[in-house]
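Novice: Just coords00.cif, nothing more (mmCIF, C-alpha atoms):
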data_final
loop_
_atom_site.label_atom_id
_atom_site.label_comp_id
_atom_site.auth_asym_id
_atom_site.auth_seq_id
_atom_site.Cartn_x
_atom_site.Cartn_y
_atom_site.Cartn_z
CA MET N 217 -20.74 9.92 -10.66
CA LEU N 218 -23.16 8.16 -12.99
CA PRO N 219 -21.98 4.59 -13.57
CA LEU N 220 -21.57 3.20 -17.03
CA MET N 221 -23.96 0.35 -17.74
CA ALA N 222 -21.62 -2.52 -18.44
CA ARG N 223 -22.04 -6.28 -18.74
CA VAL N 224 -20.12 -9.22 -17.41
CA ARG N 225 -18.58 -11.14 -20.27
CA GLY N 226 -16.90 -13.89 -18.27
CA ARG N 227 -15.90 -15.00 -14.79
CA ARG N 228 -13.27 -17.36 -13.50
CA ARG N 229 -12.73 -18.75 -10.05
CA GLU N 230 -9.20 -18.04 -8.78
CA THR N 231 -9.38 -19.45 -5.23
CA HIS N 232 -12.14 -20.61 -2.89
CA ASP N 233 -13.31 -17.00 -2.33
CA THR N 234 -11.83 -14.98 -5.18
CA TRP N 235 -13.13 -14.52 -8.71
CA THR N 236 -11.92 -12.70 -11.80
CA LEU N 237 -14.56 -10.94 -13.88
CA ALA N 238 -14.16 -9.72 -17.43
CA ILE N 239 -16.47 -6.75 -17.97
CA ASP N 240 -17.43 -5.23 -21.32
CA ALA N 241 -17.08 -1.50 -20.70
CA GLY N 242 -16.96 0.07 -24.13
CA GLY N 243 -13.20 -0.12 -24.57
CA LEU N 244 -12.22 1.97 -21.54
CA LYS N 245 -8.44 2.31 -21.18
CA PHE N 246 -6.58 2.30 -17.85
CA GLN N 247 -3.10 2.60 -16.41
CA PRO N 248 -1.61 -0.17 -14.20
CA GLY N 249 -2.60 0.53 -10.60
CA GLN N 250 -5.88 2.30 -11.35
CA PHE N 251 -9.22 1.13 -10.00
CA ASN N 252 -12.88 1.24 -10.95
CA MET N 253 -15.98 1.53 -8.81
CA LEU N 254 -18.09 -1.56 -9.49
CA TYR N 255 -21.79 -1.27 -8.72
CA ALA N 256 -23.94 -4.30 -7.97
CA PHE N 257 -27.39 -2.92 -8.72
CA GLY N 258 -29.54 -2.48 -5.67
CA ILE N 259 -26.77 -3.51 -3.30
CA GLY N 260 -23.88 -1.09 -3.48
CA GLU N 261 -20.59 0.01 -4.94
CA ILE N 262 -16.99 -1.02 -4.19
CA PRO N 263 -13.57 0.03 -5.48
CA VAL N 264 -11.74 -2.73 -7.33
CA SER N 265 -8.33 -2.44 -8.98
CA VAL N 266 -8.10 -3.46 -12.58
CA SER N 267 -6.16 -6.74 -12.75
CA GLY N 268 -5.98 -7.21 -16.52
CA ASP N 269 -3.50 -6.39 -19.25
CA PRO N 270 -3.39 -2.66 -20.06
CA GLY N 271 -2.02 -3.43 -23.50
CA ARG N 272 -4.89 -5.65 -24.53
CA ALA N 273 -8.10 -4.29 -25.98
CA GLY N 274 -11.32 -5.88 -24.87
CA PRO N 275 -13.09 -6.30 -21.56
CA LEU N 276 -11.79 -4.79 -18.34
CA VAL N 277 -10.61 -7.47 -15.95
CA HIS N 278 -11.12 -7.21 -12.18
CA THR N 279 -10.31 -9.70 -9.45
CA VAL N 280 -12.64 -9.63 -6.46
CA ARG N 281 -12.59 -11.45 -3.14
CA ALA N 282 -16.05 -12.17 -1.76
CA VAL N 283 -15.87 -10.66 1.72
CA GLY N 284 -18.85 -8.30 2.08
CA ALA N 285 -22.36 -7.90 0.72
CA VAL N 286 -21.31 -6.00 -2.41
CA SER N 287 -18.27 -8.09 -3.26
CA GLN N 288 -20.30 -11.27 -2.77
CA ALA N 289 -22.96 -9.93 -5.11
CA VAL N 290 -20.33 -8.93 -7.70
CA THR N 291 -18.68 -12.34 -7.61
CA ARG N 292 -22.06 -14.03 -8.11
CA LEU N 293 -22.69 -12.21 -11.39
CA LYS N 294 -22.86 -14.41 -14.47
CA PRO N 295 -21.90 -13.69 -18.10
CA GLY N 296 -24.47 -11.32 -19.57
CA ASP N 297 -25.47 -9.83 -16.21
CA PRO N 298 -25.44 -6.02 -15.96
CA ILE N 299 -22.98 -4.23 -13.67
CA GLY N 300 -22.38 -0.53 -13.08
CA LEU N 301 -18.85 0.78 -13.58
CA ARG N 302 -17.24 4.15 -12.86
CA GLY N 303 -13.63 4.93 -13.59
CA PRO N 304 -10.83 4.37 -14.05
CA TYR N 305 -9.64 6.37 -11.05
CA GLY N 306 -6.45 6.92 -9.14
CA THR N 307 -2.73 7.06 -9.71
CA ALA N 308 -0.67 4.52 -11.61
CA TRP N 309 2.35 2.37 -10.80
CA PRO N 310 5.52 4.20 -11.98
CA VAL N 311 6.41 1.68 -14.66
CA ALA N 312 7.65 4.46 -16.93
CA GLN N 313 11.02 4.64 -15.10
CA SER N 314 13.07 2.77 -17.67
CA GLY N 315 16.57 1.51 -16.91
CA SER N 316 15.76 0.63 -13.32
CA ASP N 317 15.69 -2.73 -11.67
CA ILE N 318 12.09 -3.38 -10.68
CA ILE N 319 11.11 -5.34 -7.61
CA VAL N 320 7.40 -6.17 -7.40
CA ILE N 321 6.26 -7.41 -3.98
CA ALA N 322 2.71 -8.65 -3.56
CA GLY N 323 0.89 -10.02 -0.55
CA GLY N 324 -2.30 -12.05 -0.86
CA LEU N 325 -4.90 -10.37 -3.06
CA GLY N 326 -2.36 -7.54 -3.57
CA LEU N 327 -1.10 -9.42 -6.60
CA ALA N 328 -4.25 -8.37 -8.50
CA PRO N 329 -3.52 -4.59 -8.59
CA LEU N 330 0.10 -5.37 -9.46
CA ARG N 331 -0.65 -7.76 -12.32
CA PRO N 332 -1.23 -4.98 -14.88
CA ALA N 333 2.17 -3.54 -13.95
CA ILE N 334 3.77 -6.95 -14.46
CA TYR N 335 2.08 -7.24 -17.87
CA ARG N 336 3.46 -3.81 -18.81
CA LEU N 337 6.96 -4.66 -17.55
CA LEU N 338 7.01 -7.88 -19.54
CA ALA N 339 5.62 -6.22 -22.67
CA GLU N 340 8.42 -3.65 -22.51
CA ARG N 341 11.04 -5.94 -21.03
CA ASP N 342 13.99 -4.31 -22.82
CA ARG N 343 13.42 -1.00 -21.00
CA TYR N 344 14.29 -2.37 -17.55
CA GLY N 345 17.16 -3.98 -15.71
CA ARG N 346 16.41 -6.96 -13.51
CA ILE N 347 12.77 -7.67 -12.75
CA ALA N 348 11.83 -9.65 -9.66
CA VAL N 349 8.31 -10.55 -8.57
CA LEU N 350 8.06 -11.69 -4.95
CA TYR N 351 4.70 -13.02 -3.87
CA GLY N 352 3.64 -14.04 -0.39
CA THR N 353 0.29 -15.46 0.52
CA ARG N 354 -1.47 -17.43 3.21
CA SER N 355 -1.24 -21.01 1.93
CA PRO N 356 -0.74 -22.89 -1.34
CA ALA N 357 -4.54 -22.94 -1.84
CA ASP N 358 -4.61 -19.13 -1.72
CA ILE N 359 -2.13 -18.56 -4.55
CA LEU N 360 -3.68 -16.20 -7.07
CA PHE N 361 -3.19 -16.54 -10.84
CA ARG N 362 -1.30 -19.80 -10.30
CA ARG N 363 -1.12 -20.81 -13.97
CA GLU N 364 0.13 -17.39 -14.94
CA ILE N 365 2.80 -17.42 -12.23
CA GLU N 366 3.95 -20.79 -13.52
CA ARG N 367 4.11 -19.35 -17.03
CA TRP N 368 6.13 -16.33 -15.84
CA ARG N 369 8.51 -18.67 -14.03
CA ARG N 370 9.34 -20.38 -17.29
CA ARG N 371 10.68 -17.10 -18.68
CA LEU N 372 14.40 -16.63 -18.31
CA ASP N 373 14.33 -12.84 -18.04
CA ILE N 374 12.30 -12.38 -14.85
CA GLU N 375 12.70 -13.78 -11.37
CA ILE N 376 9.57 -15.09 -9.67
CA GLU N 377 9.55 -16.23 -6.05
CA VAL N 378 6.50 -17.41 -4.14
CA THR N 379 6.25 -18.05 -0.42
CA VAL N 380 3.39 -19.03 1.85
CA ASP N 381 2.85 -18.47 5.56
CA HIS N 382 1.48 -21.95 6.23
CA ALA N 383 1.82 -25.23 4.36
CA ASP N 384 1.90 -28.96 4.75
CA ALA N 385 4.46 -31.37 3.35
CA LEU N 386 2.70 -31.55 -0.02
CA TRP N 387 3.99 -28.02 -0.74
CA HIS N 388 7.58 -28.00 -1.95
CA GLY N 389 7.95 -24.23 -2.32
CA ASN N 390 9.09 -21.57 0.13
CA VAL N 391 7.51 -21.16 3.55
CA GLY N 392 7.99 -17.92 5.44
CA ILE N 393 7.12 -14.26 5.15
CA VAL N 394 7.56 -12.40 1.90
CA THR N 395 10.29 -10.08 3.25
CA LYS N 396 12.56 -13.14 3.47
CA LEU N 397 12.64 -13.23 -0.32
CA ILE N 398 13.99 -9.69 -0.70
CA GLY N 399 17.60 -10.59 0.02
CA ARG N 400 17.55 -13.23 -2.71
CA ALA N 401 16.12 -10.99 -5.42
CA GLY N 402 19.54 -9.79 -6.54
CA PHE N 403 18.62 -6.21 -7.52
CA ASP N 404 20.81 -3.10 -7.48
CA PRO N 405 19.31 -1.05 -4.63
CA GLY N 406 20.77 2.20 -5.96
CA HIS N 407 18.86 1.79 -9.22
CA ALA N 408 15.80 -0.14 -8.12
CA VAL N 409 12.14 0.80 -7.93
CA ALA N 410 9.90 -1.24 -5.62
CA LEU N 411 6.17 -1.69 -6.15
CA ILE N 412 4.37 -3.11 -3.11
CA CYS N 413 0.74 -4.09 -2.60
CA GLY N 414 -0.92 -6.17 0.09
CA PRO N 415 -2.48 -5.85 3.52
CA GLU N 416 -1.22 -2.68 5.23
CA ILE N 417 0.70 -4.55 7.94
CA MET N 418 2.51 -6.51 5.25
CA MET N 419 3.27 -3.30 3.31
CA ARG N 420 4.65 -1.54 6.40
CA PHE N 421 7.14 -4.29 7.13
CA THR N 422 7.93 -4.92 3.48
CA ALA N 423 8.61 -1.27 2.67
CA ALA N 424 10.86 -1.03 5.73
CA ALA N 425 12.74 -4.16 4.63
CA VAL N 426 13.15 -2.83 1.08
CA GLU N 427 14.48 0.44 2.48
CA SER N 428 16.87 -1.51 4.74
CA ALA N 429 18.09 -3.30 1.62
CA GLY N 430 19.19 0.10 0.30
CA VAL N 431 16.30 1.31 -1.86
CA ALA N 432 15.55 5.02 -1.29
CA PRO N 433 12.05 5.67 0.12
CA GLU N 434 11.16 7.90 -2.83
CA ARG N 435 11.66 4.89 -5.09
CA ILE N 436 9.30 2.68 -3.11
CA PHE N 437 5.60 2.78 -4.05
CA LEU N 438 2.63 1.32 -2.18
CA SER N 439 -1.01 0.92 -3.08
CA LEU N 440 -3.06 2.02 -0.09
CA GLU N 441 -6.59 1.05 0.72
CA ARG N 442 -9.17 2.97 2.70
CA ASN N 443 -12.95 3.18 2.67
CA MET N 444 -13.49 4.68 -0.79
CA LYS N 445 -16.99 5.87 -1.59
CA CYS N 446 -17.12 8.66 -4.17
CA ALA N 447 -13.69 7.95 -5.77
CA ILE N 448 -13.39 11.55 -6.93
CA GLY N 449 -12.07 13.27 -3.81
CA GLN N 450 -15.36 14.76 -2.66
CA CYS N 451 -16.79 12.69 0.18
CA GLY N 452 -13.71 12.35 2.41
CA HIS N 453 -14.34 8.74 3.40
CA CYS N 454 -10.87 7.67 2.26
CA GLN N 455 -9.02 10.48 3.98
CA LEU N 456 -5.58 9.61 5.31
CA GLY N 457 -4.27 12.72 7.05
CA PRO N 458 -4.01 15.45 4.41
CA THR N 459 -4.46 13.03 1.52
CA LEU N 460 -7.49 11.43 -0.06
CA ILE N 461 -6.56 7.96 -1.23
CA CYS N 462 -8.99 7.94 -4.15
CA ARG N 463 -7.64 11.25 -5.49
CA ASP N 464 -3.94 11.18 -4.46
CA GLY N 465 -3.53 7.38 -4.57
CA ALA N 466 -4.13 4.57 -4.42
CA VAL N 467 -0.49 4.25 -5.57
CA MET N 468 1.65 6.55 -3.41
CA ARG N 469 5.30 7.14 -2.65
CA TYR N 470 6.56 5.60 0.58
CA ASP N 471 8.41 8.71 1.75
CA ARG N 472 5.12 10.64 1.58
CA VAL N 473 2.85 8.10 3.26
CA ARG N 474 5.23 6.58 5.78
CA PRO N 475 4.54 9.22 8.46
CA LEU N 476 0.80 8.69 8.01
CA MET N 477 1.00 4.88 8.12
CA SER N 478 2.41 4.99 11.63
CA VAL N 479 -0.36 7.21 13.04
CA ARG N 480 -2.62 4.81 14.90
CA GLU N 481 -5.65 7.09 14.75
CA LEU N 482 -5.55 7.06 10.93
CA MET J 106 44.43 -28.14 3.70
CA LEU J 107 40.95 -29.46 4.35
CA THR J 108 40.56 -27.36 7.53
CA ARG J 109 41.73 -24.21 5.73
CA GLY J 110 39.14 -24.90 3.04
CA LEU J 111 36.37 -25.14 5.61
CA GLU J 112 37.51 -21.89 7.29
CA GLN J 113 37.28 -20.18 3.95
CA LEU J 114 33.77 -21.51 3.38
CA ILE J 115 32.75 -20.37 6.85
CA CYS J 116 34.14 -16.87 6.38
CA GLU J 117 32.34 -16.65 3.02
CA HIS J 118 29.01 -17.86 4.38
CA PRO J 119 26.56 -14.89 4.70
CA ALA J 120 25.73 -15.87 8.29
CA PHE J 121 29.33 -15.22 9.28
CA ALA J 122 30.12 -12.30 6.96
CA GLY J 123 32.84 -10.06 8.38
CA MET J 124 33.81 -12.49 11.12
CA ALA J 125 37.44 -12.36 12.32
CA ARG J 126 39.68 -14.90 10.66
CA GLU J 127 40.64 -16.53 13.96
CA HIS J 128 36.96 -17.04 14.81
CA CYS J 129 36.35 -18.68 11.44
CA GLU J 130 39.28 -20.95 12.27
CA LEU J 131 37.72 -21.89 15.60
CA ILE J 132 34.45 -22.81 13.87
CA GLY J 133 36.35 -24.56 11.10
CA GLY J 134 37.91 -26.86 13.68
CA CYS J 135 34.41 -28.11 14.52
CA ALA J 136 33.10 -28.30 10.94
CA ARG J 137 32.67 -30.97 8.31
CA ASN J 138 31.08 -31.08 4.89
CA VAL J 139 27.79 -32.94 4.63
CA ARG J 140 25.22 -33.58 1.91
CA PHE J 141 21.61 -34.63 2.06
CA ASP J 142 19.58 -36.05 -0.78
CA GLN J 143 16.06 -34.85 -1.38
CA GLY J 144 13.80 -36.18 1.37
CA GLN J 145 16.61 -36.93 3.81
CA TYR J 146 16.38 -35.42 7.28
CA LEU J 147 19.10 -33.18 8.72
CA PHE J 148 17.61 -33.77 12.16
CA ARG J 149 14.39 -34.93 13.75
CA GLU J 150 12.32 -33.81 16.69
CA GLY J 151 13.53 -35.23 20.01
CA GLU J 152 17.03 -36.09 18.84
CA PRO J 153 20.06 -34.47 20.53
CA ALA J 154 20.87 -31.09 19.00
CA ASP J 155 24.54 -31.87 18.60
CA ALA J 156 25.15 -29.80 15.45
CA PHE J 157 23.89 -26.94 13.35
CA PHE J 158 24.11 -26.50 9.62
CA LEU J 159 25.38 -23.70 7.40
CA ILE J 160 23.42 -24.31 4.21
CA ARG J 161 25.65 -23.81 1.17
CA HIS J 162 23.38 -25.17 -1.54
CA GLY J 163 19.83 -26.46 -1.66
CA ARG J 164 16.78 -25.93 0.53
CA VAL J 165 15.57 -27.33 3.82
CA ALA J 166 12.04 -27.36 5.25
CA LEU J 167 11.44 -27.02 8.98
CA GLU J 168 8.33 -28.94 9.92
CA ILE J 169 6.39 -30.46 12.78
CA ALA J 170 4.80 -33.87 12.56
CA ALA J 171 1.07 -34.01 13.22
CA PRO J 172 -0.90 -37.23 13.73
CA GLY J 173 -3.25 -38.16 10.92
CA ARG J 174 -2.09 -35.47 8.53
CA GLU J 175 0.88 -34.30 6.55
CA PRO J 176 3.64 -32.60 8.59
CA LEU J 177 3.15 -28.84 8.97
CA ARG J 178 5.85 -26.73 7.34
CA PHE J 179 6.55 -23.40 8.94
CA LEU J 180 9.82 -22.24 7.38
CA THR J 181 12.15 -23.04 4.55
CA ILE J 182 15.87 -22.43 4.88
CA ASN J 183 17.86 -21.57 1.78
CA ALA J 184 21.51 -21.38 0.79
CA GLY J 185 23.25 -18.74 2.88
CA GLU J 186 21.15 -19.42 5.97
CA ILE J 187 21.51 -21.53 9.10
CA ALA J 188 19.40 -24.54 10.09
CA GLY J 189 19.25 -25.26 13.80
CA GLU J 190 19.27 -23.19 16.98
CA ALA J 191 18.50 -25.78 19.67
CA TRP J 192 22.22 -26.52 20.14
CA LEU J 193 22.56 -23.15 21.90
CA VAL J 194 20.61 -23.83 25.08
CA PRO J 195 19.85 -26.87 27.27
CA PRO J 196 18.40 -29.43 26.93
CA TYR J 197 20.04 -29.38 23.45
CA ARG J 198 17.25 -31.28 21.71
CA TRP J 199 15.56 -30.59 18.38
CA ILE J 200 11.96 -29.54 18.73
CA PHE J 201 11.08 -29.96 15.04
CA ASP J 202 12.22 -31.84 11.94
CA ALA J 203 14.44 -30.49 9.17
CA GLN J 204 14.05 -32.17 5.78
CA ALA J 205 16.05 -31.51 2.61
CA LEU J 206 13.62 -30.46 -0.14
CA GLU J 207 16.31 -30.93 -2.77
CA LEU J 208 19.94 -32.00 -2.85
CA THR J 209 21.44 -29.94 -0.04
CA ARG J 210 25.08 -29.31 0.77
CA ALA J 211 26.00 -27.84 4.11
CA LEU J 212 28.71 -27.44 6.70
CA SER J 213 27.78 -29.34 9.84
CA ILE J 214 29.19 -27.64 12.92
CA ASP J 215 29.72 -29.88 15.95
CA ALA J 216 27.82 -28.13 18.74
CA ARG J 217 29.65 -29.65 21.72
CA CYS J 218 33.00 -28.73 20.16
CA LEU J 219 31.79 -25.18 19.53
CA ARG J 220 30.28 -24.74 23.00
CA GLU J 221 33.58 -25.77 24.56
CA LYS J 222 35.48 -23.25 22.45
CA ALA J 223 32.97 -20.55 23.35
CA GLU J 224 33.48 -21.30 27.05
CA GLU J 225 37.25 -21.08 26.65
CA ASP J 226 37.20 -17.90 24.55
CA HIS J 227 34.44 -15.56 25.67
CA ASP J 228 35.17 -13.04 22.90
CA PHE J 229 34.44 -15.81 20.42
CA GLY J 230 31.41 -16.94 22.44
CA TYR J 231 30.02 -13.41 22.51
CA GLU J 232 30.54 -13.04 18.75
CA MET J 233 28.64 -16.29 18.15
CA LEU J 234 25.87 -15.23 20.51
CA LYS J 235 25.46 -11.85 18.77
CA ARG J 236 25.14 -13.51 15.39
CA PHE J 237 22.68 -16.14 16.57
CA THR J 238 20.66 -13.59 18.54
CA ALA J 239 20.23 -11.46 15.41
CA MET J 240 19.08 -14.52 13.50
CA LEU J 241 16.73 -15.58 16.29
CA VAL J 242 15.18 -12.11 16.56
CA GLU J 243 14.64 -12.01 12.80
CA ARG J 244 12.97 -15.42 12.88
CA LEU J 245 10.90 -14.45 15.90
CA HIS J 246 9.60 -11.35 14.10
CA ALA J 247 8.82 -13.43 11.03
CA ALA J 248 7.00 -16.01 13.15
CA GLN J 249 4.97 -13.25 14.81
CA LEU J 250 3.89 -11.94 11.41
CA GLN J 251 2.97 -15.46 10.31
CA MET J 252 0.90 -15.85 13.47
CA LEU J 253 -0.90 -12.58 12.75
CA ASP J 254 -2.18 -14.23 9.58
CA VAL J 255 -2.30 -10.88 7.77
CA TYR J 256 -3.71 -12.35 4.55
CA ARG J 257 -6.75 -13.74 6.31
CA VAL J 258 -10.03 -12.19 5.30
CA HIS J 259 -11.41 -9.95 8.04
CA ARG J 260 -15.17 -10.06 7.74
#
Show me this structure written as structure tokens.
Specialist:
Amino acid sequence: MLPLMARVRGRRRETHDTWTLAIDAGGLKFQPGQFNMLYAFGIGEIPVSVSGDPGRAGPLVHTVRAVGAVSQAVTRLKPGDPIGLRGPYGTAWPVAQSGSDIIVIAGGLGLAPLRPAIYRLLAERDRYGRIAVLYGTRSPADILFRREIERWRRRLDIEIEVTVDHADALWHGNVGIVTKLIGRAGFDPGHAVALICGPEIMMRFTAAAVESAGVAPERIFLSLERNMKCAIGQCGHCQLGPTLICRDGAVMRYDRVRPLMSVREL
Amino acid sequence: MLTRGLEQLICEHPAFAGMAREHCELIGGCARNVRFDQGQYLFREGEPADAFFLIRHGRVALEIAAPGREPLRFLTINAGEIAGEAWLVPPYRWIFDAQALELTRALSIDARCLREKAEEDHDFGYEMLKRFTAMLVERLHAAQLQMLDVYRVHR
């Protein structure tokens, strides 16, 4: 439970309210999909998925949207500032399933927890069939990691589609919800694995659409979010029915969490 | 020969997948090939909705003009999809603009011709209505999710 004393090495603004921080944390390793608890001293602690490259040594990279007191404090930190860090915690994206087509579907800030999986997929490209990354977000101004998406699009061995919910005529890309991209991804549903992360409403409809496209629920994975506090399965704040998201997730199989996602009281 | 070619294209279009051959022929009798260069409009708000478009290649943006600002885009239509529903119900007028975002090839289906055939052959009319209703419901659900603005930050 004692946080590691780490230091911010660098920060970069991604959108009007979202920042990426590189944190020197003594060479901690992580698996794609895992998260750390970041502690802004004197203010509080929040869970943040690692958004960097798992194959690259160096600082741990986290992407944070400034929405509450702690996340605002974290995003205000400057290079050299101290930050507490516990982790990494949680389950990983199942990127070890070689031979499969992989469909990565991100909504909004949900691209950040999926980016390490995309790095891993690209680093081991030969192990997979088709790879499609489908990204939906609010507007063109809210597109995360824009330069990187443009770089991925230039590759000929991965399909990248971006759509926004709202745009004006200066945007020449897709407009519409992210599920509309699924039919164009061209994957083999019998041999595909889907990784989905975004707001829970978006994940509910997206997982259902992926299943309708023929992907078995046990091959669909979601990253769930609840109010995580201890991150080690002790406090119960992130309880979702019989599961604790911090201990059993955040990445979970759709067939296991689907019944829980439709319980309104949870 | 030309009509048979159009029937084939209609039967192969995803929006009409599995449709009976004779129904494809009925639509084919109302169809013609069209192309739009980038920036050209397929239709504009207020004009008579006298056709709809089976997009075969390219991409079309549906948008609404707004004074003093760029038009607002709310949906893009890709190859394999249909642009235009206002031909189905009176007053048969477009309520938004449709602009080709790139070179777009489509089959334009004459709406008056098709409505007449649907009135004469109710089996055909019902088949058309089922297909358009499915598309409309899908677009309605999508529009509802867009309205929910799920990516907005909830503070």
Novice: Starting from chain N, keep only residues with some atom at most 6 Å from an atom of chain J, counting only C-alpha atoms, and report them as a ChimeraX atom specification.
Specialist: /N:324,354,381-385,390-392
Novice: For Gly315 (chain N), please output as a PDB file with C-alpha atoms, keeping the file's coordinate frame all residues within 8 Å (counting only C-alpha atoms; exclusion window: fewer than 6 positions along the same chain).
Specialist:
ATOM      1  CA  ARG N 343      13.420  -1.000 -21.000  1.00  0.00           C
ATOM      2  CA  TYR N 344      14.290  -2.370 -17.550  1.00  0.00           C
ATOM      3  CA  GLY N 345      17.160  -3.980 -15.710  1.00  0.00           C
TER       4      GLY N 345
END
Novice: Once the PyMOL selection byres ((chain J and resi 215-221) around 9) is applied to the coordinates I shared, what remains selected? I want it as a list in words.
Specialist: Leu131, Ile132, Gly134, Cys135, Ala136, Arg137, Ala154, Asp155, Ala156, Phe157, Trp192, Leu193, Ser213, Ile214, Lys222, Ala223, Glu224, Glu225, Asp226 and Gly230 of chain J
Novice: Please provide the set of residues having any atom within 12 Å of Ala125 (chain J), restricted to only C-alpha atoms, with same-chain residues fewer than 5 positions apart removed, written as an NGL selection string.
Specialist: :J and (112-113 or 115-117 or 130-132 or 228-229 or 232-233)
Novice: Starting from the shown file, work through the PyMOL selection byres ((chain N and resi 274) around 8) and note down what comes out as number ranges by chain.
Specialist: N: 240, 243, 272-273, 275-276
Novice: At what distance in Å, to one decimal, does CA of Glu377 (chain N) lie from CA of Arg341 (chain N)?
Specialist: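 Between CA of Arg341 (chain N) and CA of Glu377 (chain N) the gap works out to 18.2 Å.
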Novice: So, counting only C-alpha atoms, which residue among N:Ser267, N:Ser355, N:Ser439, N:Thr291 is closest to Thr307 (chain N)?
Specialist: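 Between N:Ser267, N:Ser355, N:Ser439, N:Thr291, the residue approaching Thr307 (chain N) most closely is N:Ser439.
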Novice: Mind pulling up the distance from CA of Pro295 (chain N) to CA of Ile239 (chain N)?
Specialist: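 Distance reported for this atom pair: 8.8 Å.
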Novice: Would you list the contacts of Gly402 (chain N) as a count of residues only, taking every protein, DNA or RNA residue within 10 Å and counting all atoms listed in the file, but skipping same-chain residues closer than 6 positions in sequence?
Specialist: 6
Novice: Neighbours of Thr395 (chain N) within 10 Å (all atoms listed in the file; same-chain residues fewer than 5 positions away dropped), as a list in words?
Specialist: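 The filter keeps Ile321, Leu350, Tyr351, Gly352, Thr379, Arg400, Met418, Met419, Phe421, Thr422, Ala423, Ala424, Ala425 and Val426 of chain N; Ala247 of chain J.
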Novice: Print the selection's residues with C-alpha atoms to a file, as an mmCIF file, in the coordinates of the input.
Specialist:
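File written: result.cif
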data_model
loop_
_atom_site.group_PDB
_atom_site.id
_atom_site.type_symbol
_atom_site.label_atom_id
_atom_site.label_comp_id
_atom_site.auth_asym_id
_atom_site.auth_seq_id
_atom_site.Cartn_x
_atom_site.Cartn_y
_atom_site.Cartn_z
ATOM 1 C CA ILE N 321 6.260 -7.410 -3.980
ATOM 2 C CA LEU N 350 8.060 -11.690 -4.950
ATOM 3 C CA TYR N 351 4.700 -13.020 -3.870
ATOM 4 C CA GLY N 352 3.640 -14.040 -0.390
ATOM 5 C CA THR N 379 6.250 -18.050 -0.420
ATOM 6 C CA ARG N 400 17.550 -13.230 -2.710
ATOM 7 C CA MET N 418 2.510 -6.510 5.250
ATOM 8 C CA MET N 419 3.270 -3.300 3.310
ATOM 9 C CA PHE N 421 7.140 -4.290 7.130
ATOM 10 C CA THR N 422 7.930 -4.920 3.480
ATOM 11 C CA ALA N 423 8.610 -1.270 2.670
ATOM 12 C CA ALA N 424 10.860 -1.030 5.730
ATOM 13 C CA ALA N 425 12.740 -4.160 4.630
ATOM 14 C CA VAL N 426 13.150 -2.830 1.080
ATOM 15 C CA ALA J 247 8.820 -13.430 11.030
#
Novice: Would you mind listing what lies within 12 Å of region 429-437 of chain N as a VMD selection string, with all atoms listed in the file counted and same-chain residues fewer than 5 positions away left out?
Specialist: chain N and resid 249 307 to 311 313 316 to 322 330 395 to 414 419 to 420 422 to 424 465 to 475
Novice: If you measure from CA of Glu416 (chain N) to CA of Ser478 (chain N), what distance in Å do you get, rounded to one decimal?
Specialist: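 Pair CA of Glu416 (chain N) / CA of Ser478 (chain N) returns 10.6 Å.
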Novice: So, counting only C-alpha atoms, which residue among N:Met221, N:Cys462, N:Val479, N:Val280 is closest to Leu327 (chain N)?
Specialist: N:Val280
Novice: Identify the residues within 8 Å of coordinate (-12.8, 0.1, -5.3) (same frame as the file), considering only C-alpha atoms, and give the answer as an MDAnalysis selection string.
Specialist: chainID N and resid 251:254 261:265 444 447
